[in-house]
Number of protein chains: 2
Amino acid sequence: MMDMKVIEGGVTAAKGFQAAAAAAEIKYQGRTDMALIYSEKPCKTAGTFTTNVVKAAPVKWDRAVVESKVKSQAVIVNSGIANACTGEEGMSYCRETAKEAAKVLGVDEAGVLVGSTGVIGMQLPIDRIKAGISKLADAKKGDLASGTEAAKAIMTTDTEKKEAAVTFEIGGKTVTVGGMAKGSGMIHPNMCTMLSFITTDAKISKKALQKALSTDIEDTYNMISVDGDTSTNDTVLLLANGMADNKKIKVGTPEYDLFLEALHYVNETLAKKMAGDGEGATALFEAKIIGASTKEQAKILAKSIVCSNLTKAAIAGHDANWGRILCAMGYSGAEFDPEKVDLYFESAAGKLKIIENGVALDYSEEKATEILSQPEVTAVADIKEGDEEAAAWGCDLTHGYIEINADYRS
Amino acid sequence: MMDMKVIEGGVTAAKGFQAAAAAAEIKYQGRTDMALIYSEKPCKTAGTFTTNVVKAAPVKWDRAVVESKVKSQAVIVNSGIANACTGEEGMSYCRETAKEAAKVLGVDEAGVLVGSTGVIGMQLPIDRIKAGISKLADAKKGDLASGTEAAKAIMTTDTEKKEAAVTFEIGGKTVTVGGMAKGSGMIHPNMCTMLSFITTDAKISKKALQKALSTDIEDTYNMISVDGDTSTNDTVLLLANGMADNKKIKVGTPEYDLFLEALHYVNETLAKKMAGDGEGATALFEAKIIGASTKEQAKILAKSIVCSNLTKAAIAGHDANWGRILCAMGYSGAEFDPEKVDLYFESAAGKLKIIENGVALDYSEEKATEILSQPEVTAVADIKEGDEEAAAWGCDLTHGYIEINADYRS
């Protein structure tokens with residue numbers, strides 16, 4: 001690994017970024033439900049969005065902003081209402097949000113990004129959104145605590161706020177990449193997941209910024225699954241304000257590779273936090289395929305394992321029901337020889353080989369249960385074809401998931 | 001609909017078929033766990049099997065029997081151990097089962113079919129299997145009650161036995177098609193589901209028999225999902241002994257169409273019973289797409305809805321969370337215009353239009369909850385493109401599913 005330093009903080013870790021949270025009563029009472037990310041200087045932006053045919057209004061809005069040449073200075077997020085399946089009225093609220101933020105913050109309206117998560121199909125209470133924007137503008141600060149407040153305000157069924165940040169050097173200049181994200185249901189990104197906002201003070205070309213993001217989501221957000229449901233609102237936004245004053249990062253340079261590595265750390269950390277904090281989850285469940293012929297094959301197999309309801313329920317029960325893992329690999333669509341597979345369970349409590357060449361070993365069930373009772377559990381399958389590997393992350397399937405989702409709207 | 005008569009019974013409804021159940025203590029104690037289907041005359045056979053790369057030993061065995069020219073007179077099933085991921089030892093138990101059944105029943109060993117469902121990875125206790133075969137041979141009878149006993153013996157986590165039968169006429173001769181099946185977890189057939197055994201006294205060419213089965217599973221077993229997990233053991237077997245003495249049914253004749261319709265009734269009935277009796281389920285959930293451009297598009301959309309954990313949890317909560325349905329359609333992979341969709345909920349309690357042209361109507365939540373509280377619930381989405389339609393069947397996702405699957409093996 002390169003000389004990268006993991007630091008405290010999230011979206012305000014990088015130079016020139018401020019954040020704030022506000023209680024706007026969009027849906028929740030007695031908690032913050034709006035957040036602002038603000039940059040002192042206009043940012044180049046990159047974004048990746050849901051592949052769902054049904055796209056929420058803010059997804060359409062942000063995509064247009066990212067694809068334009070306009071720079072951005074503000075992101076306004078609410079965590080009560082998704083503003084999805086809301087038709088033309090929903091789009092008009094994106095416009096009004098941008099207009100209000102531009103006025104209050106003194107920034108270019110055409111560059112205001114918006115994010116929404118929550119109930120599908122309800123219209124936004126735009127007056128409360130506008131009142132929230134004023135509160136956010138008054139409260140915004142550049143300290144780490146303000147970033148954390150913003151990370152808390154975007155939570156829905158999440159149980160923990162999700163932040164990550166790193167620094168690295170380019171020619172003596174310190175560059176910072178930080179971010180915040182929220183899960184934790186309707187998570188099965190086919191592009192990215194839910195809402196994730198990354199800020200950096202790196203000086204970087206717009207092309208390099210988008211390429212780095214588009215490349216990295218394939219191995220991070222796109223490799224997690226909570227419930228197999230790809231949301232209408234999935235959005236990852238990456239804002240770069242250039243204030244680190246480093247030599248400009250361009251595609252195909254060593255500096256680009258450094259930036260990509262730093263971005264990967266932040267994305268992977270946030271993605272794993274989302275998986276481990278899936279609705280009702282008690283464990284982060286990692287599936288690792290090694291010995292694959294191609295990376296694609298390894299990814300398909302790994303993802304199929306973490307998406308299997310049966311496997312996830314077995315993890316909830318700390319039950320070494322390895323047959324379900326082999327079964328999930330089998331229906332993944334990827335070819336492999338089941339009679340060559342070795343499977344291990346691994347966690348802080350140790351590592352245990354469960355099957356060899358597709359047949360069960362005489363392993364200790366007691367030890368297996370001990371390993372599977374940890375808060376982070378990994379299943380490693382060696383398919384003995386080549387040197388490629390991939391990991392995917394999910395969580396266990398518990399009563400909590402049912403409780404949250406059988407009556408979410410009320 | 002043609003002149004088809006729904007009758008009582010299952011695998012013994014057709015002429016010349018006998019059945020039996022036995023308590024062989026393969027895994028369960030104090031209940032029957034082995035079943036026999038026996039035909040007085042040798043049968044032509046058709047079969048469809050799991051597409052899972054990991055195939056259980058009995059799947060490999062039965063496929064070879066079906067593909068051979070050998071006729072079959074017996075099917076031996078156990079519901080304790082799946083005999084999957086059991087290597088060469090598992091295959092040898094299929095051979096020994098066939099050998100023992102041939103000896104005891106006086107039938108051709110090469111035509112004995114075997115079925116297994118239960119825990120993956122354990123080896124069969126072959127001595128108990130052999131003892132069970134003797135009991136089955138002694139107990140076999142042609143009455144409807146014996147068919148029902150067999151249907152009960154193949155249950156695992158099913159809560160109800162599943163049988164269906166119909167008769168129709170060909171040139172004054174009565175032809176019967178009957179069957180039994182079992183669910184109810186690891187159900188997401190990509191060919192067929194779990195175990196389903198259909199018997200008929202129709203005189204029919206082997207080609208017509210296989211074609212009818214292969215065609216019909218696409219609209220029946222392949223359109224149900226309990227948990228998205230395609231099993232290693234999925235098997236549908238169709239046995240025809242010709243004892244109805246009708247004019248031989250060949251592909252492309254009006255008689256073939258009659259046979260297909262009768263088979264479809266039995267298959268759809270059994271498939272819906274499996275979906276409604278999914279692990280932990282309290283409701284049969286049907287998704288119907290109408291107004292589609294192609295049947296394929298309608299099927300992809302319908303299946304995506306019944307596979308969505310979030311939608312299934314909403315059904316469990318009797319919650320008209322229609323956004324999740326539109327979301328599931330959106331990530332299905334099929335194209336459609338979300339802004340043209342009308343969505344209805346329908347059940348014995350009435351029918352209610354929830355959204356029109358992709359936007360929510362001001363419907364009664366109370367009425368919606370009443371409709372969604374019935375044991376059979378349908379969501380109908382009209383995508384207004386053409387005249388094609390399709391249905392898929394699933395169930396709600398409840399605490400019961402977690403209870404069953406977090407600790408299945410113990």
# chains A, B, ... in the order shown; residues from 1 in each chain; ligands from 1
>>> closest_atom_pairs(of="chain A", to="chain B", cutoff="7 Å", atoms="only C-alpha atoms", output="JSON lines")
{"residue": "A:Asn52", "atom": "CA", "partner": "B:Tyr331", "partner_atom": "CA", "distance": 4.5}
{"residue": "A:Val53", "atom": "CA", "partner": "B:Gly330", "partner_atom": "CA", "distance": 4.4}
{"residue": "A:Val54", "atom": "CA", "partner": "B:Gly330", "partner_atom": "CA", "distance": 4.9}
{"residue": "A:Cys85", "atom": "CA", "partner": "B:Val359", "partner_atom": "CA", "distance": 5.9}
{"residue": "A:Thr86", "atom": "CA", "partner": "B:Val359", "partner_atom": "CA", "distance": 6.0}
{"residue": "A:Gly87", "atom": "CA", "partner": "B:Val359", "partner_atom": "CA", "distance": 6.6}
{"residue": "A:Ile120", "atom": "CA", "partner": "B:Gly323", "partner_atom": "CA", "distance": 5.1}
{"residue": "A:Gly121", "atom": "CA", "partner": "B:Gly323", "partner_atom": "CA", "distance": 6.2}
{"residue": "A:Asp227", "atom": "CA", "partner": "B:Asn309", "partner_atom": "CA", "distance": 6.3}
{"residue": "A:Asp229", "atom": "CA", "partner": "B:Ser308", "partner_atom": "CA", "distance": 6.4}
{"residue": "A:Thr230", "atom": "CA", "partner": "B:Tyr331", "partner_atom": "CA", "distance": 6.1}
{"residue": "A:Ser231", "atom": "CA", "partner": "B:Cys327", "partner_atom": "CA", "distance": 6.6}
{"residue": "A:Thr232", "atom": "CA", "partner": "B:Cys327", "partner_atom": "CA", "distance": 6.2}
{"residue": "A:Ser308", "atom": "CA", "partner": "B:Asp229", "partner_atom": "CA", "distance": 6.3}
{"residue": "A:Asn309", "atom": "CA", "partner": "B:Asp227", "partner_atom": "CA", "distance": 6.3}
{"residue": "A:Leu310", "atom": "CA", "partner": "B:Asn405", "partner_atom": "CA", "distance": 6.4}
{"residue": "A:Ala313", "atom": "CA", "partner": "B:Ala406", "partner_atom": "CA", "distance": 4.6}
{"residue": "A:Ala314", "atom": "CA", "partner": "B:Ala406", "partner_atom": "CA", "distance": 4.6}
{"residue": "A:Ala316", "atom": "CA", "partner": "B:Ala406", "partner_atom": "CA", "distance": 5.7}
{"residue": "A:Gly317", "atom": "CA", "partner": "B:Ala406", "partner_atom": "CA", "distance": 4.2}
{"residue": "A:Asp319", "atom": "CA", "partner": "B:Asp407", "partner_atom": "CA", "distance": 6.4}
{"residue": "A:Gly323", "atom": "CA", "partner": "B:Ile120", "partner_atom": "CA", "distance": 5.1}
{"residue": "A:Cys327", "atom": "CA", "partner": "B:Thr232", "partner_atom": "CA", "distance": 6.1}
{"residue": "A:Ala328", "atom": "CA", "partner": "B:Asp229", "partner_atom": "CA", "distance": 6.8}
{"residue": "A:Gly330", "atom": "CA", "partner": "B:Val53", "partner_atom": "CA", "distance": 4.4}
{"residue": "A:Tyr331", "atom": "CA", "partner": "B:Asn52", "partner_atom": "CA", "distance": 4.5}
{"residue": "A:Pro338", "atom": "CA", "partner": "B:Val54", "partner_atom": "CA", "distance": 6.1}
{"residue": "A:Gly358", "atom": "CA", "partner": "B:Cys85", "partner_atom": "CA", "distance": 6.1}
{"residue": "A:Val359", "atom": "CA", "partner": "B:Cys85", "partner_atom": "CA", "distance": 5.9}
{"residue": "A:Ala360", "atom": "CA", "partner": "B:Gly121", "partner_atom": "CA", "distance": 6.4}
{"residue": "A:Thr398", "atom": "CA", "partner": "B:Ile402", "partner_atom": "CA", "distance": 6.1}
{"residue": "A:His399", "atom": "CA", "partner": "B:His399", "partner_atom": "CA", "distance": 5.6}
{"residue": "A:Ile402", "atom": "CA", "partner": "B:Ala313", "partner_atom": "CA", "distance": 6.1}
{"residue": "A:Asn405", "atom": "CA", "partner": "B:Ala313", "partner_atom": "CA", "distance": 5.5}
{"residue": "A:Ala406", "atom": "CA", "partner": "B:Gly317", "partner_atom": "CA", "distance": 4.2}
{"residue": "A:Asp407", "atom": "CA", "partner": "B:Gly317", "partner_atom": "CA", "distance": 5.4}
>>> write_last_selection(atoms="C-alpha atoms", output="PDB file, in the first residue's frame")
ATOM      1  CA  ASN A  52     -33.102   1.423 -12.089  1.00  0.00           C
ATOM      2  CA  VAL A  53     -35.485   2.371 -14.920  1.00  0.00           C
ATOM      3  CA  VAL A  54     -37.472   4.202 -12.265  1.00  0.00           C
ATOM      4  CA  CYS A  85     -42.371   8.482  -8.627  1.00  0.00           C
ATOM      5  CA  THR A  86     -43.391  12.085  -8.145  1.00  0.00           C
ATOM      6  CA  GLY A  87     -43.619  13.159 -11.813  1.00  0.00           C
ATOM      7  CA  ILE A 120     -41.249   6.667  -2.468  1.00  0.00           C
ATOM      8  CA  GLY A 121     -44.237   8.429  -4.007  1.00  0.00           C
ATOM      9  CA  ASP A 227     -31.649  -7.112   0.228  1.00  0.00           C
ATOM     10  CA  ASP A 229     -33.388  -4.333  -4.148  1.00  0.00           C
ATOM     11  CA  THR A 230     -31.729  -1.713  -6.377  1.00  0.00           C
ATOM     12  CA  SER A 231     -33.062   1.636  -5.259  1.00  0.00           C
ATOM     13  CA  THR A 232     -34.542   4.381  -7.400  1.00  0.00           C
ATOM     14  CA  SER A 308     -28.742 -15.444  -0.934  1.00  0.00           C
ATOM     15  CA  ASN A 309     -31.520 -15.133   1.625  1.00  0.00           C
ATOM     16  CA  LEU A 310     -30.859 -18.678   2.766  1.00  0.00           C
ATOM     17  CA  ALA A 313     -30.403 -16.486   7.398  1.00  0.00           C
ATOM     18  CA  ALA A 314     -27.811 -19.180   8.162  1.00  0.00           C
ATOM     19  CA  ALA A 316     -27.944 -14.957  11.415  1.00  0.00           C
ATOM     20  CA  GLY A 317     -28.204 -18.373  13.070  1.00  0.00           C
ATOM     21  CA  ASP A 319     -25.043 -22.018  11.376  1.00  0.00           C
ATOM     22  CA  GLY A 323     -24.443 -26.218   1.333  1.00  0.00           C
ATOM     23  CA  CYS A 327     -25.854 -23.683  -3.927  1.00  0.00           C
ATOM     24  CA  ALA A 328     -25.747 -19.885  -4.307  1.00  0.00           C
ATOM     25  CA  GLY A 330     -24.175 -22.763  -8.427  1.00  0.00           C
ATOM     26  CA  TYR A 331     -27.077 -20.589  -9.547  1.00  0.00           C
ATOM     27  CA  PRO A 338     -18.203 -27.638  -7.768  1.00  0.00           C
ATOM     28  CA  GLY A 358     -16.750 -30.043  -2.933  1.00  0.00           C
ATOM     29  CA  VAL A 359     -17.221 -32.533  -0.103  1.00  0.00           C
ATOM     30  CA  ALA A 360     -17.577 -31.792   3.614  1.00  0.00           C
ATOM     31  CA  THR A 398     -32.796 -11.294  10.740  1.00  0.00           C
ATOM     32  CA  HIS A 399     -36.130 -10.627  12.386  1.00  0.00           C
ATOM     33  CA  ILE A 402     -38.831  -7.982   8.748  1.00  0.00           C
ATOM     34  CA  ASN A 405     -39.850  -3.493   6.384  1.00  0.00           C
ATOM     35  CA  ALA A 406     -43.213  -5.017   7.137  1.00  0.00           C
ATOM     36  CA  ASP A 407     -44.360  -1.660   8.377  1.00  0.00           C
TER      37      ASP A 407
END
>>> closest_atom_pairs(of="segment 122-216 of chain A", to="segment 239-242 of chain A", cutoff="12 Å", atoms="only C-alpha atoms", output="CSV")
residue,atom,partner,partner_atom,distance
A:Lys173,CA,A:Gly242,CA,11.5
A:Thr174,CA,A:Gly242,CA,11.5
A:Val175,CA,A:Gly242,CA,9.2
A:Thr176,CA,A:Ala240,CA,10.0
A:Val177,CA,A:Ala240,CA,9.0
A:Gly178,CA,A:Leu239,CA,10.1
A:Gly179,CA,A:Leu239,CA,9.9
A:Ser196,CA,A:Leu239,CA,11.3
A:Phe197,CA,A:Leu239,CA,8.0
A:Ile198,CA,A:Leu239,CA,6.3
A:Thr199,CA,A:Leu239,CA,4.8
A:Thr200,CA,A:Ala240,CA,4.8
A:Asp201,CA,A:Gly242,CA,4.8
A:Ala202,CA,A:Gly242,CA,4.8
A:Lys203,CA,A:Gly242,CA,3.8
A:Ile204,CA,A:Gly242,CA,6.9
A:Ser205,CA,A:Ala240,CA,9.3
A:Lys206,CA,A:Ala240,CA,8.8
A:Lys207,CA,A:Ala240,CA,11.9
A:Ala208,CA,A:Ala240,CA,10.9
A:Leu209,CA,A:Ala240,CA,8.0
A:Gln210,CA,A:Leu239,CA,10.0
A:Leu213,CA,A:Leu239,CA,10.6
>>> closest_residue(among="A:Val114, A:Ala64, A:Ala150, A:Val70", to="Arg31 of chain A", atoms="only C-alpha atoms")
A:Ala150
>>> select_by_dssp(residues="segment 247-343 of chain B", states="alpha helix (DSSP H)", output="ChimeraX atom specification")
/B:254-276,295-307,309-316,322-330
>>> residues_around(residues="Phe345 of chain A", least_positions_apart="4", cutoff="12 Å", atoms="only C-alpha atoms", output="ChimeraX atom specification")
/A:285-288,315,318-322,325,349-355,363-365,367-374,376-382
>>> write_last_selection(atoms="N, CA and C atoms", output="tab-separated table (two decimals), in the first residue's frame")
chain	number	residue	atom	x	y	z
A	285	PHE	N	-21.13	-9.61	6.55
A	285	PHE	CA	-20.83	-10.91	5.95
A	285	PHE	C	-20.07	-10.67	4.65
A	286	GLU	N	-18.84	-11.16	4.63
A	286	GLU	CA	-18.00	-10.99	3.44
A	286	GLU	C	-17.86	-12.33	2.72
A	287	ALA	N	-18.02	-12.32	1.41
A	287	ALA	CA	-17.76	-13.53	0.61
A	287	ALA	C	-16.57	-13.23	-0.28
A	288	LYS	N	-15.59	-14.11	-0.24
A	288	LYS	CA	-14.37	-13.90	-1.01
A	288	LYS	C	-14.17	-15.10	-1.92
A	315	ILE	N	-26.27	-17.31	8.40
A	315	ILE	CA	-25.29	-16.48	9.12
A	315	ILE	C	-25.96	-15.90	10.37
A	318	HIS	N	-25.76	-18.32	13.01
A	318	HIS	CA	-24.40	-18.80	13.28
A	318	HIS	C	-24.27	-20.27	12.89
A	319	ASP	N	-24.93	-20.63	11.80
A	319	ASP	CA	-25.04	-22.02	11.38
A	319	ASP	C	-24.15	-22.24	10.15
A	320	ALA	N	-23.21	-23.16	10.26
A	320	ALA	CA	-22.26	-23.41	9.17
A	320	ALA	C	-22.93	-24.21	8.04
A	321	ASN	N	-24.03	-23.69	7.55
A	321	ASN	CA	-24.80	-24.38	6.50
A	321	ASN	C	-24.16	-24.10	5.14
A	322	TRP	N	-22.97	-24.69	4.95
A	322	TRP	CA	-22.15	-24.39	3.77
A	322	TRP	C	-22.82	-24.84	2.48
A	325	ILE	N	-24.14	-22.01	0.57
A	325	ILE	CA	-23.14	-21.19	-0.11
A	325	ILE	C	-22.79	-21.81	-1.46
A	349	ALA	N	-12.38	-15.01	15.35
A	349	ALA	CA	-12.26	-16.22	16.18
A	349	ALA	C	-11.46	-17.34	15.51
A	350	GLY	N	-10.94	-17.10	14.31
A	350	GLY	CA	-10.13	-18.12	13.66
A	350	GLY	C	-10.57	-18.43	12.24
A	351	LYS	N	-9.94	-19.46	11.67
A	351	LYS	CA	-10.22	-19.87	10.30
A	351	LYS	C	-10.40	-21.37	10.27
A	352	LEU	N	-11.40	-21.85	9.53
A	352	LEU	CA	-11.72	-23.28	9.53
A	352	LEU	C	-12.04	-23.73	8.11
A	353	LYS	N	-11.40	-24.82	7.68
A	353	LYS	CA	-11.72	-25.39	6.36
A	353	LYS	C	-12.94	-26.29	6.54
A	354	ILE	N	-13.97	-26.03	5.74
A	354	ILE	CA	-15.24	-26.73	5.91
A	354	ILE	C	-15.41	-27.81	4.84
A	355	ILE	N	-15.10	-27.43	3.58
A	355	ILE	CA	-15.19	-28.45	2.54
A	355	ILE	C	-13.93	-28.43	1.68
A	363	TYR	N	-15.26	-31.39	10.16
A	363	TYR	CA	-14.84	-30.22	10.94
A	363	TYR	C	-15.63	-30.12	12.24
A	364	SER	N	-15.13	-29.27	13.15
A	364	SER	CA	-15.82	-29.07	14.43
A	364	SER	C	-16.96	-28.07	14.28
A	365	GLU	N	-18.20	-28.53	14.48
A	365	GLU	CA	-19.36	-27.63	14.39
A	365	GLU	C	-19.25	-26.54	15.45
A	367	LYS	N	-16.51	-25.17	16.69
A	367	LYS	CA	-15.57	-24.14	16.25
A	367	LYS	C	-16.21	-23.28	15.15
A	368	ALA	N	-16.93	-23.93	14.24
A	368	ALA	CA	-17.59	-23.20	13.16
A	368	ALA	C	-18.58	-22.18	13.72
A	369	THR	N	-19.36	-22.60	14.69
A	369	THR	CA	-20.34	-21.70	15.31
A	369	THR	C	-19.64	-20.53	16.00
A	370	GLU	N	-18.50	-20.83	16.64
A	370	GLU	CA	-17.74	-19.77	17.30
A	370	GLU	C	-17.28	-18.73	16.26
A	371	ILE	N	-16.75	-19.21	15.16
A	371	ILE	CA	-16.28	-18.31	14.09
A	371	ILE	C	-17.44	-17.48	13.54
A	372	LEU	N	-18.59	-18.12	13.35
A	372	LEU	CA	-19.74	-17.45	12.74
A	372	LEU	C	-20.50	-16.56	13.71
A	373	SER	N	-20.09	-16.55	14.97
A	373	SER	CA	-20.78	-15.70	15.95
A	373	SER	C	-20.14	-14.33	16.10
A	374	GLN	N	-19.13	-14.05	15.30
A	374	GLN	CA	-18.44	-12.76	15.37
A	374	GLN	C	-19.20	-11.70	14.57
A	376	GLU	N	-18.03	-9.74	12.35
A	376	GLU	CA	-17.58	-9.72	10.96
A	376	GLU	C	-17.16	-11.12	10.58
A	377	VAL	N	-17.82	-11.67	9.57
A	377	VAL	CA	-17.64	-13.07	9.19
A	377	VAL	C	-17.32	-13.16	7.70
A	378	THR	N	-16.34	-14.00	7.36
A	378	THR	CA	-15.97	-14.15	5.95
A	378	THR	C	-16.07	-15.61	5.52
A	379	ALA	N	-16.65	-15.82	4.35
A	379	ALA	CA	-16.61	-17.14	3.71
A	379	ALA	C	-15.65	-17.02	2.53
A	380	VAL	N	-14.64	-17.90	2.49
A	380	VAL	CA	-13.66	-17.88	1.40
A	380	VAL	C	-13.82	-19.16	0.58
A	381	ALA	N	-14.09	-19.00	-0.72
A	381	ALA	CA	-14.19	-20.17	-1.59
A	381	ALA	C	-13.04	-20.12	-2.60
A	382	ASP	N	-12.26	-21.19	-2.60
A	382	ASP	CA	-11.16	-21.32	-3.56
A	382	ASP	C	-11.63	-22.24	-4.67
>>> atom_distance(atom1="atom CA of Ala139 of chain A", atom2="atom CA of Gln18 of chain A")
9.6 Å
>>> residues_around(residues="Arg128 of chain A", least_positions_apart="2", cutoff="8 Å", atoms="only C-alpha atoms", output="number ranges by chain")
A: 24-26, 125-126, 130-132
>>> residues_around(residues="Met91 of chain B", least_positions_apart="2", cutoff="10 Å", atoms="only C-alpha atoms", output="PyMOL selection string")
chain B and resi 56-61+83-84+86-89+93-97
>>> residues_around(residues="Asp108 of chain B", least_positions_apart="5", cutoff="8 Å", atoms="only C-alpha atoms", output="short mmCIF file (atom, residue, chain, number, x, y, z; two decimals) with N, CA and C atoms, in the first residue's frame")
data_model
loop_
_atom_site.label_atom_id
_atom_site.label_comp_id
_atom_site.auth_asym_id
_atom_site.auth_seq_id
_atom_site.Cartn_x
_atom_site.Cartn_y
_atom_site.Cartn_z
N SER B 72 -39.82 -46.49 -17.11
CA SER B 72 -39.74 -46.46 -15.64
C SER B 72 -41.01 -47.00 -15.01
N GLN B 73 -40.84 -47.67 -13.88
CA GLN B 73 -42.01 -48.15 -13.17
C GLN B 73 -42.05 -47.69 -11.71
N ALA B 102 -35.52 -52.26 -7.56
CA ALA B 102 -35.74 -53.21 -8.66
C ALA B 102 -35.96 -54.61 -8.12
#
>>> atom_distance(atom1="atom CA of Leu105 of chain A", atom2="atom CA of Gly9 of chain A")
23.5 Å
>>> select_by_dssp(residues="segment 170-351 of chain B", states="strand (DSSP E)", output="PyMOL selection string")
chain B and resi 170+173-182+195-200+235-240+284-292+342-347+350-351
>>> closest_residue(among="A:Ser225, A:Thr235, A:Ser293, A:Ser146", to="Val77 of chain A", atoms="only C-alpha atoms")
A:Thr235
>>> closest_residue(among="B:Ala35, B:Ile249, B:Val104, B:Ile300", to="Ile170 of chain B", atoms="only C-alpha atoms")
B:Ile249
>>> closest_residue(among="B:Ala46, B:Gly183, B:Gly16, B:Ala292", to="Lys69 of chain B", atoms="only C-alpha atoms")
B:Ala46
>>> residues_around(residues="His264 of chain A", least_positions_apart="2", cutoff="9 Å", atoms="only C-alpha atoms", output="list in words")
Ala212, Leu213, Asp216, Ile217, Asp219, Thr220, Phe259, Leu260, Glu261, Ala262, Val266, Asn267, Glu268 and Thr269 of chain A
>>> write_last_selection(atoms="C-alpha atoms", output="short mmCIF file (atom, residue, chain, number, x, y, z; two decimals), in the first residue's frame")
data_model
loop_
_atom_site.label_atom_id
_atom_site.label_comp_id
_atom_site.auth_asym_id
_atom_site.auth_seq_id
_atom_site.Cartn_x
_atom_site.Cartn_y
_atom_site.Cartn_z
CA ALA A 212 -11.78 7.36 -10.91
CA LEU A 213 -15.31 7.27 -9.50
CA ASP A 216 -13.95 2.34 -8.26
CA ILE A 217 -17.67 1.85 -7.66
CA ASP A 219 -15.33 -2.94 -6.74
CA THR A 220 -16.95 -1.16 -3.81
CA PHE A 259 -5.87 9.41 -5.98
CA LEU A 260 -7.67 6.24 -7.06
CA GLU A 261 -6.19 4.33 -4.15
CA ALA A 262 -7.26 6.98 -1.66
CA VAL A 266 -12.95 5.80 1.36
CA ASN A 267 -15.46 4.05 -0.93
CA GLU A 268 -14.69 0.54 0.33
CA THR A 269 -14.88 1.68 3.94
#
>>> closest_residue(among="B:Asp158, B:Glu40, B:Asp257, B:Glu356", to="Ala281 of chain B", atoms="only C-alpha atoms")
B:Asp158
